[in-house]
file input-v1.cif (mmCIF, C-alpha atoms)
data_upload
loop_
_atom_site.label_atom_id
_atom_site.label_comp_id
_atom_site.auth_asym_id
_atom_site.auth_seq_id
_atom_site.Cartn_x
_atom_site.Cartn_y
_atom_site.Cartn_z
CA MET A 1 85.09 98.61 161.32
CA HIS A 2 87.57 100.64 163.39
CA GLN A 3 85.85 102.71 166.06
CA ILE A 4 87.52 105.87 167.37
CA LYS A 5 87.56 106.15 171.15
CA SER A 6 86.05 109.15 172.87
CA ILE A 7 88.30 111.35 175.01
CA TYR A 8 86.58 109.93 178.08
CA GLN A 9 87.05 106.32 176.98
CA GLN A 10 90.69 106.72 175.98
CA PHE A 11 91.58 108.41 179.25
CA ARG A 12 89.73 105.85 181.38
CA GLU A 13 91.34 102.94 179.54
CA GLU A 14 94.79 104.16 178.51
CA GLY A 15 95.36 106.90 181.09
CA TYR A 16 96.39 109.65 178.68
CA VAL A 17 95.16 111.74 175.75
CA ILE A 18 97.19 113.88 173.32
CA LEU A 19 95.43 117.04 172.13
CA PRO A 20 96.83 118.79 169.04
CA GLN A 21 97.01 122.59 168.81
CA VAL A 22 94.94 123.56 171.83
CA PHE A 23 96.49 127.01 171.51
CA HIS A 24 98.33 128.58 168.60
CA GLY A 25 99.46 131.88 167.12
CA LYS A 26 99.20 135.06 169.18
CA GLN A 27 97.51 133.37 172.16
CA LEU A 28 100.29 130.80 172.43
CA ASP A 29 102.90 133.56 172.24
CA GLN A 30 101.13 135.54 174.97
CA LEU A 31 100.96 132.50 177.22
CA ARG A 32 104.66 131.80 176.86
CA GLN A 33 105.45 135.47 177.55
CA ALA A 34 103.33 135.30 180.71
CA CYS A 35 105.02 132.14 181.96
CA ASP A 36 108.51 133.40 181.12
CA HIS A 37 107.74 136.71 182.85
CA VAL A 38 107.19 134.77 186.08
CA LEU A 39 110.12 132.45 185.40
CA GLY A 40 112.53 135.37 185.07
CA GLN A 41 111.61 136.67 188.52
CA PHE A 42 111.68 133.20 190.06
CA THR A 43 115.13 132.55 188.56
CA ALA A 44 116.56 135.77 190.00
CA GLU A 45 115.15 134.99 193.44
CA HIS A 46 116.26 131.36 193.33
CA ASP A 47 119.83 132.24 192.27
CA ALA A 48 120.12 134.85 195.03
CA GLN A 49 119.02 132.33 197.66
CA HIS A 50 120.61 129.17 196.20
CA PRO A 51 123.58 130.19 194.05
CA GLY A 52 124.80 127.47 191.70
CA GLN A 53 121.84 125.17 192.35
CA ASP A 54 119.75 123.94 189.46
CA PHE A 55 115.99 123.68 189.13
CA ASN A 56 113.63 122.29 186.50
CA ARG A 57 110.23 123.62 187.56
CA MET A 58 108.45 126.28 189.56
CA SER A 59 104.98 126.38 191.11
CA HIS A 60 102.14 128.85 191.62
CA LEU A 61 102.57 131.12 188.62
CA THR A 62 99.42 132.99 189.67
CA ASP A 63 100.92 134.19 192.97
CA SER A 64 100.37 137.95 193.05
CA ARG A 65 103.99 138.59 194.09
CA TRP A 66 105.06 137.86 190.53
CA HIS A 67 102.63 140.41 189.06
CA HIS A 68 103.15 143.69 190.95
CA ASP A 69 104.47 145.50 187.88
CA SER A 70 101.65 144.48 185.54
CA ARG A 71 98.40 142.52 185.62
CA GLU A 72 98.57 141.62 181.94
CA HIS A 73 100.42 138.33 182.43
CA LEU A 74 98.30 137.35 185.43
CA HIS A 75 95.18 137.86 183.34
CA THR A 76 96.62 135.63 180.60
CA LEU A 77 97.27 132.84 183.11
CA LEU A 78 93.86 133.09 184.79
CA GLU A 79 92.06 133.15 181.44
CA THR A 80 93.99 130.06 180.34
CA ILE A 81 93.12 128.11 183.49
CA ALA A 82 89.42 128.78 182.85
CA ASP A 83 89.57 128.49 179.05
CA PRO A 84 86.91 126.18 177.53
CA ARG A 85 89.64 124.68 175.32
CA CYS A 86 91.14 123.26 178.51
CA LEU A 87 88.02 122.70 180.59
CA GLY A 88 86.08 121.03 177.78
CA TYR A 89 88.47 118.09 177.66
CA VAL A 90 88.99 117.99 181.42
CA GLU A 91 85.27 117.91 182.19
CA GLN A 92 84.62 115.25 179.56
CA ILE A 93 87.07 113.06 181.44
CA PHE A 94 85.64 113.88 184.87
CA ASP A 95 82.11 113.51 183.47
CA GLY A 96 81.19 116.58 185.47
CA PRO A 97 82.41 120.00 186.63
CA SER A 98 86.08 120.55 187.47
CA LEU A 99 87.90 122.56 190.10
CA PHE A 100 91.21 124.33 189.55
CA TYR A 101 93.99 122.97 191.76
CA SER A 102 97.46 124.29 190.85
CA THR A 103 99.97 125.43 188.23
CA GLN A 104 103.57 124.42 187.54
CA TYR A 105 106.02 125.44 184.85
CA PHE A 106 108.54 122.85 183.68
CA VAL A 107 111.78 124.14 182.15
CA ASN A 108 115.07 122.64 181.06
CA PRO A 109 117.82 122.76 183.72
CA ARG A 110 120.73 125.11 183.11
CA PHE A 111 123.71 123.24 184.58
CA SER A 112 123.18 119.49 184.18
CA SER A 113 120.97 116.83 182.61
CA LYS A 114 119.28 113.74 184.04
CA GLU A 115 116.51 111.30 183.39
CA GLY A 116 113.61 111.60 185.82
CA ASN A 117 112.56 108.81 188.14
CA TRP A 118 109.74 106.44 187.21
CA HIS A 119 106.87 106.91 189.63
CA ARG A 120 103.15 107.08 190.25
CA ASP A 121 102.01 110.19 192.11
CA VAL A 122 99.93 108.00 194.41
CA GLN A 123 103.12 106.52 195.91
CA PHE A 124 103.83 109.85 197.60
CA LEU A 125 100.40 109.82 199.26
CA THR A 126 100.58 106.30 200.70
CA LYS A 127 102.85 104.50 203.15
CA THR A 128 102.72 100.88 201.99
CA ASP A 129 102.40 98.97 198.73
CA GLU A 130 99.06 97.57 199.88
CA GLU A 131 97.68 101.03 200.57
CA GLU A 132 98.91 102.14 197.16
CA LYS A 133 97.23 99.16 195.47
CA GLU A 134 93.95 99.92 197.23
CA ARG A 135 94.00 103.57 196.18
CA ILE A 136 94.75 102.71 192.55
CA ALA A 137 91.92 100.16 192.51
CA SER A 138 89.51 102.59 194.15
CA GLN A 139 90.22 105.37 191.68
CA ALA A 140 90.03 102.92 188.77
CA ARG A 141 86.43 102.22 189.84
CA GLU A 142 85.43 105.76 190.77
CA GLY A 143 87.40 107.80 188.24
CA ALA A 144 90.43 110.07 188.44
CA ARG A 145 90.70 112.50 191.34
CA GLY A 146 93.22 114.65 189.54
CA ILE A 147 94.20 115.47 185.97
CA GLN A 148 97.46 116.99 184.80
CA PHE A 149 96.93 119.14 181.73
CA GLN A 150 100.42 119.71 180.27
CA LEU A 151 100.58 122.34 177.55
CA ALA A 152 103.80 122.53 175.53
CA LEU A 153 104.84 126.11 174.79
CA VAL A 154 107.78 124.88 172.68
CA ASP A 155 108.25 121.58 170.85
CA ASN A 156 108.98 118.96 173.48
CA ALA A 157 109.29 115.21 174.08
CA ASP A 158 110.31 115.10 177.74
CA VAL A 159 107.43 113.05 179.17
CA GLU A 160 107.30 109.25 179.14
CA TYR A 161 104.12 107.38 180.07
CA VAL A 162 103.07 103.73 180.23
CA PRO A 163 99.63 103.43 178.62
CA TYR A 164 97.05 101.29 180.48
CA SER A 165 99.06 101.47 183.73
CA ALA A 166 96.84 103.86 185.72
CA ASN A 167 94.15 101.31 186.62
CA ARG A 168 96.36 98.44 187.71
CA TYR A 169 99.40 97.76 189.86
CA ASP A 170 102.94 97.13 188.59
CA SER A 171 104.10 94.04 186.80
CA PRO A 172 107.23 92.49 188.35
CA GLU A 173 109.40 94.22 185.72
CA GLU A 174 107.76 97.60 186.37
CA TYR A 175 108.05 97.21 190.13
CA PHE A 176 111.75 96.39 189.88
CA ILE A 177 112.44 99.65 188.05
CA ARG A 178 110.11 101.85 190.11
CA LYS A 179 110.53 100.64 193.69
CA ALA A 180 112.88 97.67 194.18
CA ASP A 181 115.97 98.07 196.35
CA ASN A 182 114.72 101.35 197.78
CA GLY A 183 114.23 102.87 194.34
CA ILE A 184 117.85 102.73 193.13
CA HIS A 185 116.70 101.57 189.67
CA ASN A 186 114.01 104.18 189.13
CA ARG A 187 115.99 106.15 186.53
CA ASP A 188 116.82 103.02 184.53
CA GLU A 189 115.97 102.55 180.87
CA GLY A 190 113.84 99.62 179.74
CA MET A 191 110.45 100.34 181.30
CA PRO A 192 108.15 97.95 179.39
CA ASN A 193 105.76 99.61 176.92
CA ALA A 194 106.84 103.15 177.79
CA LEU A 195 105.69 105.80 175.33
CA ARG A 196 107.61 109.03 174.77
CA VAL A 197 105.03 111.79 174.30
CA GLU A 198 106.05 114.06 171.43
CA LEU A 199 104.35 117.45 171.44
CA LYS A 200 104.53 120.42 169.11
CA ALA A 201 104.20 123.92 170.57
CA GLY A 202 100.51 124.38 171.37
CA ASP A 203 99.82 120.66 171.82
CA ALA A 204 98.78 119.28 175.19
CA VAL A 205 98.81 115.93 176.92
CA ILE A 206 96.40 115.03 179.70
CA PHE A 207 97.39 112.07 181.79
CA ASN A 208 96.35 110.27 184.92
CA PRO A 209 99.23 110.72 187.40
CA ASN A 210 98.42 107.35 188.96
CA GLY A 211 99.93 105.81 185.83
CA LEU A 212 103.64 105.09 185.50
CA HIS A 213 105.43 108.17 184.18
CA ARG A 214 108.57 110.26 184.33
CA GLY A 215 110.11 113.40 182.91
CA ARG A 216 113.40 113.99 181.16
CA TYR A 217 115.46 116.96 182.29
CA SER A 218 117.94 117.83 179.55
CA GLN A 219 120.16 120.89 179.67
CA LYS A 220 120.33 120.98 175.86
CA ASN A 221 116.67 120.44 174.96
CA PRO A 222 114.49 123.52 175.49
CA ARG A 223 111.48 122.85 177.68
CA ARG A 224 108.68 125.26 178.47
CA THR A 225 105.61 123.31 179.59
CA LEU A 226 102.75 124.78 181.60
CA MET A 227 100.99 122.21 183.73
CA ILE A 228 97.53 123.01 185.08
CA THR A 229 96.13 120.46 187.51
CA TYR A 230 92.40 120.06 188.05
CA SER A 231 90.30 117.92 190.38
CA PRO A 232 86.62 117.03 190.21
CA GLN A 233 84.51 119.72 191.84
CA THR A 234 83.23 117.05 194.23
CA PHE A 235 86.74 116.13 195.38
CA PRO A 236 88.68 119.17 196.67
CA GLN A 237 92.16 118.44 197.99
CA TYR A 238 93.45 120.50 200.90
CA THR A 239 97.20 120.56 200.37
CA ASN A 240 100.08 122.98 199.86
CA TRP A 241 99.26 122.89 196.16
CA SER A 242 95.76 124.27 196.69
CA PHE A 243 96.89 126.78 199.33
CA GLN A 244 96.69 129.98 197.27
CA PRO A 245 95.39 132.76 199.56
CA TRP A 246 96.40 135.50 197.13
CA PHE A 247 93.08 134.83 195.40
CA LEU A 248 91.49 136.61 198.38
CA GLU A 249 93.41 139.86 197.82
CA LYS A 250 91.27 142.86 196.98
CA GLY A 251 91.05 143.41 193.25
CA TYR A 252 92.97 140.24 192.44
CA MET A 253 90.74 139.33 189.50
CA ASN A 254 89.91 142.85 188.33
CA GLY A 255 89.88 142.92 184.54
CA VAL A 256 89.46 139.16 184.14
CA SER A 257 86.55 138.07 181.95
CA PRO A 258 83.23 137.24 183.63
CA ARG A 259 83.52 133.67 182.35
CA ALA A 260 86.93 133.14 183.97
CA GLN A 261 85.85 134.89 187.17
CA SER A 262 82.81 132.66 187.44
CA TYR A 263 84.93 129.52 187.09
CA LEU A 264 87.59 130.65 189.57
CA GLN A 265 85.03 131.85 192.12
CA GLU A 266 84.23 128.19 192.74
CA PHE A 267 87.91 127.61 193.57
CA ILE A 268 87.82 130.56 196.00
CA HIS A 269 84.53 129.44 197.56
CA THR A 270 85.84 125.90 198.06
CA TYR A 271 89.16 126.79 199.67
CA ARG A 272 88.49 130.16 201.37
CA ASP A 273 88.03 128.72 204.86
CA TYR A 274 91.10 126.51 204.44
CA TRP A 275 93.24 129.48 203.43
CA ASN A 276 91.96 131.63 206.30
CA SER A 277 92.56 128.85 208.84
CA LYS A 278 96.24 128.65 207.92
CA ARG A 279 97.07 132.35 207.81
#
call {"tool": "encode", "arguments": {"input": "input-v1.cif", "output": "structure tokens"}}
result
Amino acid sequence: MHQIKSIYQQFREEGYVILPQVFHGKQLDQLRQACDHVLGQFTAEHDAQHPGQDFNRMSHLTDSRWHHDSREHLHTLLETIADPRCLGYVEQIFDGPSLFYSTQYFVNPRFSSKEGNWHRDVQFLTKTDEEEKERIASQAREGARGIQFQLALVDNADVEYVPYSANRYDSPEEYFIRKADNGIHNRDEGMPNALRVELKAGDAVIFNPNGLHRGRYSQKNPRRTLMITYSPQTFPQYTNWSFQPWFLEKGYMNGVSPRAQSYLQEFIHTYRDYWNSKR
């Protein structure tokens, strides 16, 4: 008899979970409007500072500087971060309470197209292959220290992932593509067992960033994907991603639901001293 895996079991074993229609209808439309409201301002600023240069993502959509004219879109973003339809899955996987970490918005480039580079996020946090192997093995035993919740706001198939890769190191074929010869092959085709994740608007994919993955950045294929990253509440990460001192501004969360405020207060409590120490 075929037994369906739980969300927890699939994530721990395969490293990813696809979630159909997390948001739909009016709420999905409002979320895209909120993200595109920020994107429009970011684009104008980016083009003024870096004319002719492309980009395919932006970070920190909740920064108050994007929301001076209206709080409506900020409220939509904060409510989404703390929405039980996101947190329910995330906290099943963590097997405990989560902590907000960061937001990014992935968009299609305007001037050129390219395949992304195959990588594991852990490689950017370590200096040697041995250190990377040790960190992968440690997190395989203890559980993920970060989850990327990617919510497609339009139909999209720009993420590739290698199932079952998050808890082990590379095979020789995988290593050749990802790291050999100083990484010159890392945009190559032919990654063994790679899965292209196809999402409809409103679908989400959660994956373990220690697994082998990459994005596709196509000028012609629309991409609007909101990524919310969470960590376990017991494992805060003091980085530029979590440095969000605008949460301390007076009245920042005025009008946000008590449920969302309660969840985000833990984020503020955890990082307040870190933010103040760097100001």
call {"tool": "closest_residue", "arguments": {"input": "input-v1.cif", "among": "A:Arg110, A:His119, A:Lys133, A:Lys200", "to": "Tyr161 in chain A", "atoms": "all atoms listed in the file"}}
result
A:His119
call {"tool": "closest_atom_pairs", "arguments": {"input": "input-v1.cif", "of": "range 47-82 of chain A", "to": "range 140-159 of chain A", "cutoff": "12 Å", "atoms": "all atoms listed in the file", "output": "Markdown table"}}
result
| residue | atom | partner | partner_atom | distance |
| --- | --- | --- | --- | --- |
| A:Asn56 | CA | A:Asp158 | CA | 11.8 |
| A:Thr80 | CA | A:Leu151 | CA | 10.5 |
| A:Ile81 | CA | A:Phe149 | CA | 9.9 |
call {"tool": "write_last_selection", "arguments": {"input": "input-v1.cif", "atoms": "C-alpha atoms", "output": "PDB file, in the frame of the given file"}}
result
ATOM      1  CA  ASN A  56     113.630 122.290 186.500  1.00  0.00           C
ATOM      2  CA  THR A  80      93.990 130.060 180.340  1.00  0.00           C
ATOM      3  CA  ILE A  81      93.120 128.110 183.490  1.00  0.00           C
TER       4      ILE A  81
END
call {"tool": "resolve_selection", "arguments": {"input": "input-v1.cif", "expression": "the PyMOL selection byres ((chain A and resi 216-220) around 12)", "output": "PyMOL selection string"}}
result
chain A and resi 54-57+106-118+156-161+187-189+196-197+213-215+221-224
call {"tool": "closest_residue", "arguments": {"input": "input-v1.cif", "among": "A:Leu74, A:Met191, A:Leu212, A:Val22", "to": "Tyr164 in chain A", "atoms": "only C-alpha atoms"}}
result
A:Leu212
call {"tool": "residues_around", "arguments": {"input": "input-v1.cif", "residues": "His60 in chain A", "least_positions_apart": "3", "cutoff": "7 Å", "atoms": "all atoms listed in the file", "output": "list in words"}}
result
Asp63, Ser102, Thr103 and Gln104 of chain A
call {"tool": "write_last_selection", "arguments": {"input": "input-v1.cif", "atoms": "C-alpha atoms", "output": "short mmCIF file (atom, residue, chain, number, x, y, z; two decimals), in the frame of the given file"}}
result
data_model
loop_
_atom_site.label_atom_id
_atom_site.label_comp_id
_atom_site.auth_asym_id
_atom_site.auth_seq_id
_atom_site.Cartn_x
_atom_site.Cartn_y
_atom_site.Cartn_z
CA ASP A 63 100.92 134.19 192.97
CA SER A 102 97.46 124.29 190.85
CA THR A 103 99.97 125.43 188.23
CA GLN A 104 103.57 124.42 187.54
#
call {"tool": "resolve_selection", "arguments": {"input": "input-v1.cif", "expression": "the PyMOL selection byres ((chain A and resi 41) around 12)", "output": "list in words"}}
result
Ala34, Cys35, Asp36, His37, Val38, Leu39, Gly40, Phe42, Thr43, Ala44, Glu45, His46, Asp47, Ala48, Met58, Leu61, Asp63, Arg65, Trp66, His67, His68 and Asp69 of chain A
call {"tool": "write_last_selection", "arguments": {"input": "input-v1.cif", "atoms": "C-alpha atoms", "output": "tab-separated table (two decimals), keeping the file's coordinate frame"}}
result
chain	number	residue	atom	x	y	z
A	34	ALA	CA	103.33	135.30	180.71
A	35	CYS	CA	105.02	132.14	181.96
A	36	ASP	CA	108.51	133.40	181.12
A	37	HIS	CA	107.74	136.71	182.85
A	38	VAL	CA	107.19	134.77	186.08
A	39	LEU	CA	110.12	132.45	185.40
A	40	GLY	CA	112.53	135.37	185.07
A	42	PHE	CA	111.68	133.20	190.06
A	43	THR	CA	115.13	132.55	188.56
A	44	ALA	CA	116.56	135.77	190.00
A	45	GLU	CA	115.15	134.99	193.44
A	46	HIS	CA	116.26	131.36	193.33
A	47	ASP	CA	119.83	132.24	192.27
A	48	ALA	CA	120.12	134.85	195.03
A	58	MET	CA	108.45	126.28	189.56
A	61	LEU	CA	102.57	131.12	188.62
A	63	ASP	CA	100.92	134.19	192.97
A	65	ARG	CA	103.99	138.59	194.09
A	66	TRP	CA	105.06	137.86	190.53
A	67	HIS	CA	102.63	140.41	189.06
A	68	HIS	CA	103.15	143.69	190.95
A	69	ASP	CA	104.47	145.50	187.88
call {"tool": "atom_distance", "arguments": {"input": "input-v1.cif", "atom1": "CA of His269 in chain A", "atom2": "CA of Pro245 in chain A"}}
result
11.5 Å
call {"tool": "closest_residue", "arguments": {"input": "input-v1.cif", "among": "A:Ala166, A:Leu248, A:Val17, A:Ile228", "to": "Leu87 in chain A", "atoms": "only C-alpha atoms"}}
result
A:Ile228
call {"tool": "atom_distance", "arguments": {"input": "input-v1.cif", "atom1": "CA of Gly15 in chain A", "atom2": "CA of Thr128 in chain A"}}
result
23.0 Å
